[in-house]
Protein chains: 2
Amino acid sequence: MELTRCCIHSITNKPWKLEQAVDKYAEAGIGGISVWQSSLEGIGAKNAAGHIKASGLEVVSYVRGGFFAHPGGEERKKAIDNNKRQLEEAAELGAPLIVLVCGASPAQSLEVSRQQIRDGIEALLPMAEELNIKLAIEPLHPMYAADRSAVNTLGQANDMAEAIGSGFVGVAVDVYHLWWDGDLQKEILRCGKNGHLLAYHVCDWKANTLDMLNDRGLMGEGCIDLKKIRSWVEAAGFHGFHEVEIFSDIYWQMDQDEYLKKITTAFREKC
Amino acid sequence: MELTRCCIHSITNKPWKLEQAVDKYAEAGIGGISVWQSSLEGIGAKNAAGHIKASGLEVVSYVRGGFFAHPGGEERKKAIDNNKRQLEEAAELGAPLIVLVCGASPAQSLEVSRQQIRDGIEALLPMAEELNIKLAIEPLHPMYAADRSAVNTLGQANDMAEAIGSGFVGVAVDVYHLWWDGDLQKEILRCGKNGHLLAYHVCDWKANTLDMLNDRGLMGEGCIDLKKIRSWVEAAGFHGFHEVEIFSDIYWQMDQDEYLKKITTAFREKC
């Protein structure tokens, strides 16, 4: 893959401040950046937008909204308010998309959580439309079903996006969460056909994963057939950025310049 | 749930030798035991069978066969040979069922692994029929798809059992692996209807799982709605044992008598 199609999530190089990451990515010839909310600390959305614009990078998405599922109504209302603030930040940043980690709670059923997720997204829709920012439902791996997301397959995400039926709501396909699913090709085609395929995230799954959150692999380091999934995504009509999103205690401890070289090499050769 | 319907997997009380576990289970009024291969070390299948018979416990299953998926033909052949030995051991033990952890390899696609799994099961069928021992395909959680099992949903297990189409091949439903699946009720009914529902395993999923292998929760300690899944299993016509299978570094460090009391209390109240 050519680097102009590469976008990196700012959390991938967590040790770098946002300005530094932006400069390094631009220097490396990378095309885009997805900005994590935590990366705006100390700089703010407006200044970040100016810095990114000057660098020539494209803002691909703002990460991450969601967390709509809570047993208490007060907490659900607070979640909506948080998401509205994030929509404002995304607008300031110039991000066309917010990725949603939908939420779940071990204190209630997955069905109840899914209804609350749908309600939450629908509550944001008028503001999203006004600001012209799309919302991507990101299905998370089933190992996160207890407390991070009650949407765990692309089929479920597609069902929800179709039920909501807005041009402002689609899905994000992240290979880490979905590579194991026997229905993946079919569901990628499904969301591609109806215009719901809004984002594509890459990394790798290591056979001996050490940590359920922060031990993702670099592309090519694990067992995901990235070229096969890329072919499905392209057959579905998606030609946007391939977003590198890696949480890794191991890589965060590395020299980040060296790590960025590994990322760009892996992106060119393995994606 | 009444304890006469309770079966415990010997690995649940790993610190105990098999004879000790058998005596403790019988004393507690538990109805059955599923014997792990590692528990036969030092006693052997025949002596174990005698000890279990004398205790009044029923042998519910022998755990675990499988691991059919390997890139190399030599390794696949070795896997078949291992499984044949396990069939002999199961016969000596008087176990009517072997649970299959089907296998996967990060070096090949899930599709190839699934074909090898099917081939492996079919290679065992004549011997299984001769010995009158059934084989249960146990779908494992998608977090084990890289190297433990390429069968990760009950839908896939049902597809495979139906494709094989033998009265000696069915599925094992383990709530730990399957609780998150939106199709679970439908798929439990499906395997119940066609006589493929051969085993039902219980434990719990803890929201903050510390380890991907050995941090399962005691029933009631996590977020799985065991009574709901029990109602599905019963509606599907299953009235066999509910098998407690818990791998837990935390519980293995506890006094095992105290732990067994916790298990029986949880079984009566939460299952």
# chains A, B, ... in the order shown; residues from 1 in each chain; ligands from 1

call {"tool": "select_by_dssp", "arguments": {"residues": "region 46-270 of chain A", "states": "strand (DSSP E)", "output": "PyMOL selection string"}}
result
chain A and resi 58-66+97-101+134-137+169-174+197-202+242-244

call {"tool": "write_last_selection", "arguments": {"atoms": "N, CA and C atoms", "output": "compact mmCIF listing (two decimals), in the first residue's frame"}}
result
# COMPACT_ATOMS: atom_id res chain seq x y z
N GLU A 58 -4.37 14.97 6.30
CA GLU A 58 -5.82 15.04 6.32
C GLU A 58 -6.33 14.49 7.66
N VAL A 59 -7.30 15.16 8.26
CA VAL A 59 -7.92 14.61 9.47
C VAL A 59 -8.96 13.58 9.04
N VAL A 60 -8.74 12.33 9.42
CA VAL A 60 -9.61 11.25 8.94
C VAL A 60 -10.76 10.99 9.90
N SER A 61 -10.44 10.92 11.21
CA SER A 61 -11.54 10.75 12.16
C SER A 61 -11.13 11.25 13.54
N TYR A 62 -12.15 11.46 14.36
CA TYR A 62 -11.94 11.83 15.75
C TYR A 62 -12.37 10.61 16.56
N VAL A 63 -11.50 10.22 17.52
CA VAL A 63 -11.70 8.95 18.22
C VAL A 63 -11.68 9.23 19.72
N ARG A 64 -12.58 8.83 20.47
CA ARG A 64 -13.68 7.99 20.14
C ARG A 64 -14.88 8.37 20.98
N GLY A 65 -16.04 8.43 20.36
CA GLY A 65 -17.29 8.68 21.07
C GLY A 65 -17.91 7.37 21.51
N GLY A 66 -19.16 7.48 21.98
CA GLY A 66 -19.91 6.27 22.32
C GLY A 66 -20.11 6.07 23.80
N LEU A 97 -15.66 12.52 10.71
CA LEU A 97 -16.19 11.26 11.25
C LEU A 97 -15.80 11.11 12.72
N ILE A 98 -16.75 10.58 13.51
CA ILE A 98 -16.42 10.14 14.87
C ILE A 98 -16.61 8.64 14.94
N VAL A 99 -15.61 7.95 15.48
CA VAL A 99 -15.70 6.50 15.66
C VAL A 99 -16.33 6.23 17.02
N LEU A 100 -17.32 5.34 17.04
CA LEU A 100 -18.06 5.06 18.28
C LEU A 100 -17.69 3.71 18.87
N VAL A 101 -17.14 3.73 20.08
CA VAL A 101 -17.03 2.51 20.88
C VAL A 101 -18.32 2.49 21.70
N LYS A 134 -20.10 12.46 10.34
CA LYS A 134 -20.70 11.13 10.36
C LYS A 134 -20.29 10.36 11.61
N LEU A 135 -21.08 9.36 11.93
CA LEU A 135 -20.84 8.52 13.11
C LEU A 135 -20.63 7.08 12.65
N ALA A 136 -19.52 6.47 13.08
CA ALA A 136 -19.23 5.09 12.67
C ALA A 136 -19.35 4.16 13.87
N ILE A 137 -20.28 3.21 13.77
CA ILE A 137 -20.42 2.16 14.78
C ILE A 137 -19.27 1.18 14.57
N VAL A 169 -24.90 7.76 9.61
CA VAL A 169 -24.49 6.65 10.48
C VAL A 169 -24.04 5.46 9.64
N GLY A 170 -22.83 5.00 9.90
CA GLY A 170 -22.31 3.82 9.21
C GLY A 170 -21.49 2.98 10.16
N VAL A 171 -20.52 2.26 9.62
CA VAL A 171 -19.72 1.34 10.43
C VAL A 171 -18.23 1.53 10.18
N ALA A 172 -17.43 1.13 11.17
CA ALA A 172 -15.98 1.09 11.01
C ALA A 172 -15.55 -0.37 11.09
N VAL A 173 -14.75 -0.79 10.13
CA VAL A 173 -14.26 -2.17 10.09
C VAL A 173 -12.82 -2.19 10.61
N ASP A 174 -12.63 -2.84 11.75
CA ASP A 174 -11.28 -2.96 12.32
C ASP A 174 -10.91 -4.44 12.30
N LEU A 197 -19.91 1.79 4.82
CA LEU A 197 -18.52 1.46 5.20
C LEU A 197 -17.71 2.75 5.26
N LEU A 198 -17.53 3.28 6.47
CA LEU A 198 -16.97 4.61 6.64
C LEU A 198 -15.49 4.60 7.03
N ALA A 199 -14.98 3.50 7.56
CA ALA A 199 -13.59 3.51 8.02
C ALA A 199 -13.03 2.09 8.03
N TYR A 200 -11.73 1.98 7.81
CA TYR A 200 -11.06 0.68 7.78
C TYR A 200 -9.78 0.78 8.61
N HIS A 201 -9.71 -0.02 9.69
CA HIS A 201 -8.58 0.03 10.62
C HIS A 201 -7.73 -1.23 10.51
N VAL A 202 -6.42 -1.06 10.50
CA VAL A 202 -5.53 -2.22 10.43
C VAL A 202 -4.55 -2.28 11.60
N HIS A 242 -6.44 3.64 4.94
CA HIS A 242 -6.26 2.47 5.81
C HIS A 242 -5.63 3.01 7.08
N GLU A 243 -6.36 2.90 8.18
CA GLU A 243 -5.94 3.55 9.42
C GLU A 243 -5.21 2.59 10.34
N VAL A 244 -3.99 2.94 10.68
CA VAL A 244 -3.18 2.11 11.58
C VAL A 244 -3.53 2.49 13.02

call {"tool": "select_by_dssp", "arguments": {"residues": "region 132-173 of chain B", "states": "alpha helix (DSSP H)", "output": "MDAnalysis selection string"}}
result
chainID B and resid 154:164

call {"tool": "write_last_selection", "arguments": {"atoms": "N, CA and C atoms", "output": "PDB file, in the first residue's frame"}}
result
ATOM      1  N   LEU B 154     -21.397 -21.129  17.805  1.00  0.00           N
ATOM      2  CA  LEU B 154     -22.214 -22.340  17.797  1.00  0.00           C
ATOM      3  C   LEU B 154     -22.773 -22.581  16.394  1.00  0.00           C
ATOM      4  N   GLY B 155     -23.006 -21.501  15.659  1.00  0.00           N
ATOM      5  CA  GLY B 155     -23.460 -21.652  14.276  1.00  0.00           C
ATOM      6  C   GLY B 155     -22.464 -22.456  13.448  1.00  0.00           C
ATOM      7  N   GLN B 156     -21.178 -22.137  13.581  1.00  0.00           N
ATOM      8  CA  GLN B 156     -20.150 -22.887  12.839  1.00  0.00           C
ATOM      9  C   GLN B 156     -20.086 -24.346  13.287  1.00  0.00           C
ATOM     10  N   ALA B 157     -20.184 -24.560  14.595  1.00  0.00           N
ATOM     11  CA  ALA B 157     -20.142 -25.936  15.106  1.00  0.00           C
ATOM     12  C   ALA B 157     -21.344 -26.725  14.593  1.00  0.00           C
ATOM     13  N   ASN B 158     -22.514 -26.089  14.609  1.00  0.00           N
ATOM     14  CA  ASN B 158     -23.714 -26.754  14.099  1.00  0.00           C
ATOM     15  C   ASN B 158     -23.576 -27.073  12.606  1.00  0.00           C
ATOM     16  N   ASP B 159     -23.049 -26.101  11.862  1.00  0.00           N
ATOM     17  CA  ASP B 159     -22.832 -26.345  10.425  1.00  0.00           C
ATOM     18  C   ASP B 159     -21.962 -27.586  10.229  1.00  0.00           C
ATOM     19  N   MET B 160     -20.887 -27.655  11.009  1.00  0.00           N
ATOM     20  CA  MET B 160     -19.955 -28.768  10.830  1.00  0.00           C
ATOM     21  C   MET B 160     -20.588 -30.094  11.255  1.00  0.00           C
ATOM     22  N   ALA B 161     -21.262 -30.094  12.383  1.00  0.00           N
ATOM     23  CA  ALA B 161     -21.899 -31.333  12.849  1.00  0.00           C
ATOM     24  C   ALA B 161     -22.935 -31.807  11.828  1.00  0.00           C
ATOM     25  N   GLU B 162     -23.684 -30.870  11.263  1.00  0.00           N
ATOM     26  CA  GLU B 162     -24.696 -31.257  10.278  1.00  0.00           C
ATOM     27  C   GLU B 162     -24.054 -31.756   8.987  1.00  0.00           C
ATOM     28  N   ALA B 163     -22.952 -31.109   8.595  1.00  0.00           N
ATOM     29  CA  ALA B 163     -22.273 -31.537   7.365  1.00  0.00           C
ATOM     30  C   ALA B 163     -21.711 -32.948   7.530  1.00  0.00           C
ATOM     31  N   ILE B 164     -21.203 -33.254   8.711  1.00  0.00           N
ATOM     32  CA  ILE B 164     -20.666 -34.595   8.961  1.00  0.00           C
ATOM     33  C   ILE B 164     -21.822 -35.606   9.021  1.00  0.00           C
TER      34      ILE B 164
END

call {"tool": "calpha_fit_and_write", "arguments": {"fixed": "chain A", "moving": "chain B", "output": "CSV table (one decimal) with C-alpha atoms, in the first residue's frame"}}
result
chain,number,residue,atom,x,y,z
B,1,MET,CA,0.0,0.0,0.0
B,2,GLU,CA,1.2,3.5,-0.8
B,3,LEU,CA,1.7,5.7,2.2
B,4,THR,CA,-0.6,8.4,0.9
B,5,ARG,CA,-3.4,6.0,1.7
B,6,CYS,CA,-2.0,5.5,5.2
B,7,CYS,CA,-3.6,7.2,8.2
B,8,ILE,CA,-2.2,6.7,11.7
B,9,HIS,CA,-4.2,7.0,14.9
B,10,SER,CA,-2.4,9.4,17.3
B,11,ILE,CA,-2.6,6.8,20.1
B,12,THR,CA,-0.4,4.5,18.1
B,13,ASN,CA,2.5,6.8,18.9
B,14,LYS,CA,1.2,7.6,22.4
B,15,PRO,CA,4.6,8.8,23.8
B,16,TRP,CA,4.6,11.7,21.2
B,17,LYS,CA,2.6,14.9,21.7
B,18,LEU,CA,0.2,15.5,18.9
B,19,GLU,CA,2.2,18.2,17.2
B,20,GLN,CA,5.2,15.9,17.2
B,21,ALA,CA,3.3,13.0,15.7
B,22,VAL,CA,1.8,15.3,13.1
B,23,ASP,CA,5.2,16.5,12.0
B,24,LYS,CA,6.7,13.0,12.0
B,25,TYR,CA,3.8,11.6,10.0
B,26,ALA,CA,4.0,14.4,7.4
B,27,GLU,CA,7.7,14.0,7.1
B,28,ALA,CA,7.3,10.3,6.5
B,29,GLY,CA,4.9,10.9,3.6
B,30,ILE,CA,1.8,9.6,5.5
B,31,GLY,CA,-1.5,11.0,4.2
B,32,GLY,CA,-3.8,11.2,7.2
B,33,ILE,CA,-4.2,11.2,11.0
B,34,SER,CA,-7.0,10.1,13.2
B,35,VAL,CA,-6.9,12.1,16.4
B,36,TRP,CA,-7.7,10.6,19.8
B,37,GLN,CA,-9.4,12.8,22.3
B,38,SER,CA,-6.6,12.3,24.8
B,39,SER,CA,-4.1,13.8,22.2
B,40,LEU,CA,-5.9,17.1,22.4
B,41,GLU,CA,-4.8,17.7,26.0
B,42,GLY,CA,-2.7,20.8,26.2
B,43,ILE,CA,-3.2,21.9,22.6
B,44,GLY,CA,-7.0,21.9,22.1
B,45,ALA,CA,-9.0,21.1,19.0
B,46,LYS,CA,-8.6,24.5,17.2
B,47,ASN,CA,-4.8,24.7,17.6
B,48,ALA,CA,-4.5,21.0,16.6
B,49,ALA,CA,-6.6,21.7,13.5
B,50,GLY,CA,-4.3,24.5,12.5
B,51,HIS,CA,-1.1,22.5,13.1
B,52,ILE,CA,-2.5,19.5,11.1
B,53,LYS,CA,-3.7,21.7,8.2
B,54,ALA,CA,-0.3,23.3,7.9
B,55,SER,CA,1.4,19.9,7.8
B,56,GLY,CA,-0.7,18.8,4.8
B,57,LEU,CA,-2.1,15.8,6.7
B,58,GLU,CA,-5.8,15.0,6.3
B,59,VAL,CA,-7.9,14.6,9.5
B,60,VAL,CA,-9.6,11.3,8.9
B,61,SER,CA,-11.5,10.8,12.2
B,62,TYR,CA,-11.9,11.8,15.8
B,63,VAL,CA,-11.7,9.0,18.2
B,64,ARG,CA,-13.7,8.0,20.2
B,65,GLY,CA,-17.3,8.7,21.1
B,66,GLY,CA,-19.9,6.3,22.3
B,67,PHE,CA,-20.2,4.4,25.7
B,68,PHE,CA,-23.9,4.9,25.6
B,69,ALA,CA,-24.9,1.8,27.6
B,70,HIS,CA,-25.5,2.3,31.4
B,71,PRO,CA,-28.1,0.9,33.7
B,72,GLY,CA,-28.8,4.5,35.1
B,73,GLY,CA,-30.6,7.1,33.1
B,74,GLU,CA,-28.4,9.9,34.6
B,75,GLU,CA,-25.3,8.1,33.3
B,76,ARG,CA,-26.8,7.7,29.9
B,77,LYS,CA,-27.7,11.4,29.7
B,78,LYS,CA,-24.1,12.2,30.7
B,79,ALA,CA,-22.9,10.0,27.9
B,80,ILE,CA,-25.0,11.9,25.4
B,81,ASP,CA,-23.6,15.2,26.7
B,82,ASN,CA,-20.1,13.9,26.4
B,83,ASN,CA,-20.7,12.8,22.8
B,84,LYS,CA,-22.2,16.2,21.9
B,85,ARG,CA,-19.0,17.9,23.3
B,86,GLN,CA,-17.0,15.5,21.1
B,87,LEU,CA,-19.1,16.5,18.1
B,88,GLU,CA,-18.1,20.1,18.8
B,89,GLU,CA,-14.5,19.1,19.1
B,90,ALA,CA,-14.6,17.1,15.9
B,91,ALA,CA,-16.1,20.1,14.1
B,92,GLU,CA,-13.3,22.4,15.4
B,93,LEU,CA,-10.8,19.8,14.4
B,94,GLY,CA,-12.3,19.4,10.9
B,95,ALA,CA,-12.9,15.7,11.3
B,96,PRO,CA,-15.6,14.3,9.0
B,97,LEU,CA,-16.2,11.3,11.2
B,98,ILE,CA,-16.4,10.2,14.9
B,99,VAL,CA,-15.7,6.5,15.7
B,100,LEU,CA,-18.1,5.1,18.3
B,101,VAL,CA,-17.0,2.5,20.9
B,102,CYS,CA,-20.6,1.8,21.7
B,103,GLY,CA,-20.5,0.7,25.3
B,104,ALA,CA,-21.8,-2.2,27.4
B,105,SER,CA,-22.4,-2.9,31.1
B,106,PRO,CA,-22.0,-6.2,33.0
B,107,ALA,CA,-25.0,-5.1,35.0
B,108,GLN,CA,-27.5,-5.5,32.1
B,109,SER,CA,-28.2,-7.7,29.2
B,110,LEU,CA,-26.5,-7.2,25.8
B,111,GLU,CA,-30.0,-6.6,24.3
B,112,VAL,CA,-30.7,-3.8,26.7
B,113,SER,CA,-27.3,-2.3,26.0
B,114,ARG,CA,-27.9,-2.5,22.2
B,115,GLN,CA,-31.1,-0.6,22.5
B,116,GLN,CA,-29.5,2.1,24.6
B,117,ILE,CA,-26.7,2.4,22.0
B,118,ARG,CA,-29.2,2.9,19.2
B,119,ASP,CA,-31.1,5.4,21.3
B,120,GLY,CA,-27.8,7.2,22.0
B,121,ILE,CA,-26.8,7.4,18.4
B,122,GLU,CA,-30.3,8.7,17.4
B,123,ALA,CA,-30.1,11.4,20.1
B,124,LEU,CA,-26.9,12.7,18.4
B,125,LEU,CA,-28.2,12.6,14.9
B,126,PRO,CA,-29.6,16.1,14.5
B,127,MET,CA,-26.4,17.6,15.8
B,128,ALA,CA,-24.2,15.3,13.6
B,129,GLU,CA,-26.2,16.3,10.5
B,130,GLU,CA,-26.0,20.0,11.4
B,131,LEU,CA,-22.2,19.8,11.8
B,132,ASN,CA,-21.9,17.4,8.8
B,133,ILE,CA,-20.0,14.8,10.9
B,134,LYS,CA,-20.7,11.1,10.3
B,135,LEU,CA,-20.8,8.5,13.1
B,136,ALA,CA,-19.2,5.1,12.7
B,137,ILE,CA,-20.4,2.2,14.8
B,138,GLU,CA,-17.3,0.1,15.4
B,139,PRO,CA,-18.0,-3.5,16.4
B,140,LEU,CA,-15.5,-4.6,19.0
B,141,HIS,CA,-14.1,-8.1,19.5
B,142,PRO,CA,-16.4,-10.4,21.6
B,143,MET,CA,-13.8,-10.3,24.4
B,144,TYR,CA,-15.0,-6.7,25.1
B,145,ALA,CA,-18.7,-7.6,25.3
B,146,ALA,CA,-18.9,-7.2,29.1
B,147,ASP,CA,-18.0,-3.6,29.4
B,148,ARG,CA,-16.8,-1.9,26.2
B,149,SER,CA,-19.3,-2.8,23.4
B,150,ALA,CA,-22.4,-4.9,23.0
B,151,VAL,CA,-21.9,-4.6,19.3
B,152,ASN,CA,-19.5,-7.5,18.5
B,153,THR,CA,-19.9,-8.4,14.9
B,154,LEU,CA,-20.0,-6.5,11.7
B,155,GLY,CA,-23.4,-8.1,11.1
B,156,GLN,CA,-24.8,-6.5,14.3
B,157,ALA,CA,-23.3,-3.1,13.4
B,158,ASN,CA,-24.8,-3.4,9.9
B,159,ASP,CA,-28.2,-4.3,11.4
B,160,MET,CA,-28.0,-1.2,13.6
B,161,ALA,CA,-26.8,1.2,10.9
B,162,GLU,CA,-29.6,0.0,8.6
B,163,ALA,CA,-32.2,0.2,11.3
B,164,ILE,CA,-31.2,3.8,12.0
B,165,GLY,CA,-31.3,4.5,8.3
B,166,SER,CA,-29.4,7.8,8.2
B,167,GLY,CA,-26.8,8.9,5.7
B,168,PHE,CA,-24.8,10.0,8.8
B,169,VAL,CA,-24.5,6.7,10.5
B,170,GLY,CA,-22.3,3.8,9.2
B,171,VAL,CA,-19.7,1.3,10.4
B,172,ALA,CA,-16.0,1.1,11.0
B,173,VAL,CA,-14.3,-2.2,10.1
B,174,ASP,CA,-11.3,-2.9,12.3
B,175,VAL,CA,-9.5,-6.2,11.4
B,176,TYR,CA,-8.4,-6.7,15.0
B,177,HIS,CA,-12.0,-7.0,16.2
B,178,LEU,CA,-13.4,-8.9,13.2
B,179,TRP,CA,-10.8,-11.1,11.5
B,180,TRP,CA,-12.1,-14.3,13.1
B,181,ASP,CA,-15.7,-13.9,11.8
B,182,GLY,CA,-16.8,-16.4,9.1
B,183,ASP,CA,-19.3,-13.9,7.8
B,184,LEU,CA,-16.8,-11.0,7.4
B,185,GLN,CA,-16.6,-11.0,3.6
B,186,LYS,CA,-20.4,-11.0,3.3
B,187,GLU,CA,-20.8,-8.3,5.9
B,188,ILE,CA,-18.1,-6.1,4.4
B,189,LEU,CA,-19.8,-6.3,1.0
B,190,ARG,CA,-23.2,-5.5,2.7
B,191,CYS,CA,-22.0,-2.3,4.3
B,192,GLY,CA,-20.0,-1.3,1.2
B,193,LYS,CA,-23.1,-1.6,-1.1
B,194,ASN,CA,-25.3,0.6,1.0
B,195,GLY,CA,-22.7,3.3,1.7
B,196,HIS,CA,-22.2,2.4,5.3
B,197,LEU,CA,-18.5,1.5,5.2
B,198,LEU,CA,-17.0,4.6,6.7
B,199,ALA,CA,-13.6,3.5,8.0
B,200,TYR,CA,-11.1,0.7,7.8
B,201,HIS,CA,-8.6,0.1,10.6
B,202,VAL,CA,-5.5,-2.2,10.4
B,203,CYS,CA,-3.1,-3.8,12.8
B,204,ASP,CA,-2.6,-7.5,13.6
B,205,TRP,CA,-3.6,-10.3,16.0
B,206,LYS,CA,-0.7,-12.0,17.7
B,207,ALA,CA,-1.2,-15.7,18.5
B,208,ASN,CA,0.2,-15.2,22.0
B,209,THR,CA,-1.6,-12.0,23.0
B,210,LEU,CA,-0.2,-10.9,26.4
B,211,ASP,CA,-2.9,-8.4,27.3
B,212,MET,CA,-6.5,-8.0,26.2
B,213,LEU,CA,-6.2,-4.3,25.6
B,214,ASN,CA,-2.6,-3.2,24.9
B,215,ASP,CA,-0.9,-6.0,23.0
B,216,ARG,CA,-1.9,-5.5,19.4
B,217,GLY,CA,0.5,-6.5,16.7
B,218,LEU,CA,2.1,-4.5,13.9
B,219,MET,CA,0.7,-5.5,10.4
B,220,GLY,CA,2.4,-8.8,9.3
B,221,GLU,CA,3.3,-9.8,12.9
B,222,GLY,CA,0.2,-11.8,13.5
B,223,CYS,CA,-2.2,-14.1,11.8
B,224,ILE,CA,-4.6,-11.7,10.1
B,225,ASP,CA,-4.7,-12.0,6.3
B,226,LEU,CA,-4.6,-8.3,5.6
B,227,LYS,CA,-4.4,-8.5,1.9
B,228,LYS,CA,-7.4,-10.7,1.7
B,229,ILE,CA,-9.5,-8.4,3.9
B,230,ARG,CA,-8.2,-5.4,1.9
B,231,SER,CA,-9.5,-7.1,-1.3
B,232,TRP,CA,-12.9,-7.5,0.3
B,233,VAL,CA,-13.0,-3.9,1.4
B,234,GLU,CA,-12.0,-2.7,-2.1
B,235,ALA,CA,-14.5,-5.0,-3.7
B,236,ALA,CA,-17.1,-3.3,-1.5
B,237,GLY,CA,-16.2,0.0,-3.1
B,238,PHE,CA,-14.1,1.4,-0.2
B,239,HIS,CA,-11.1,3.4,-1.4
B,240,GLY,CA,-10.5,5.6,1.7
B,241,PHE,CA,-7.6,5.6,4.2
B,242,HIS,CA,-6.3,2.5,5.8
B,243,GLU,CA,-6.0,3.6,9.4
B,244,VAL,CA,-3.2,2.1,11.6
B,245,GLU,CA,-4.5,1.8,15.1
B,246,ILE,CA,-2.2,-0.1,17.5
B,247,PHE,CA,-2.4,-0.1,21.3
B,248,SER,CA,0.8,-1.8,22.5
B,249,ASP,CA,2.7,-1.5,25.7
B,250,ILE,CA,5.6,-3.1,23.9
B,251,TYR,CA,5.7,-0.5,21.0
B,252,TRP,CA,5.0,2.4,23.3
B,253,GLN,CA,8.3,1.6,25.1
B,254,MET,CA,10.3,1.7,21.8
B,255,ASP,CA,12.0,4.6,20.3
B,256,GLN,CA,9.1,6.1,18.4
B,257,ASP,CA,11.1,7.1,15.3
B,258,GLU,CA,12.3,3.5,14.9
B,259,TYR,CA,8.7,2.4,15.5
B,260,LEU,CA,7.3,4.7,12.8
B,261,LYS,CA,9.8,3.3,10.4
B,262,LYS,CA,8.5,-0.2,11.2
B,263,ILE,CA,4.9,1.0,10.7
B,264,THR,CA,5.6,2.5,7.3
B,265,THR,CA,7.5,-0.5,6.1
B,266,ALA,CA,4.8,-2.9,7.4
B,267,PHE,CA,2.1,-0.7,5.8
B,268,ARG,CA,3.9,-0.8,2.4
B,269,GLU,CA,4.6,-4.5,2.4
B,270,LYS,CA,1.8,-6.2,4.4
B,271,CYS,CA,-1.4,-4.2,3.9

call {"tool": "decode", "arguments": {"residues": "region 149-164 of chain B", "atoms": "C-alpha atoms", "output": "short mmCIF file (atom, residue, chain, number, x, y, z; two decimals), in the first residue's frame"}}
result
data_model
loop_
_atom_site.label_atom_id
_atom_site.label_comp_id
_atom_site.auth_asym_id
_atom_site.auth_seq_id
_atom_site.Cartn_x
_atom_site.Cartn_y
_atom_site.Cartn_z
CA SER B 149 -9.94 -23.38 17.58
CA ALA B 150 -11.06 -22.20 14.19
CA VAL B 151 -14.63 -23.04 15.26
CA ASN B 152 -15.73 -19.95 17.16
CA THR B 153 -19.50 -19.80 17.12
CA LEU B 154 -22.21 -22.34 17.80
CA GLY B 155 -23.46 -21.65 14.28
CA GLN B 156 -20.15 -22.89 12.84
CA ALA B 157 -20.14 -25.94 15.11
CA ASN B 158 -23.71 -26.75 14.10
CA ASP B 159 -22.83 -26.34 10.43
CA MET B 160 -19.96 -28.77 10.83
CA ALA B 161 -21.90 -31.33 12.85
CA GLU B 162 -24.70 -31.26 10.28
CA ALA B 163 -22.27 -31.54 7.36
CA ILE B 164 -20.67 -34.59 8.96
#
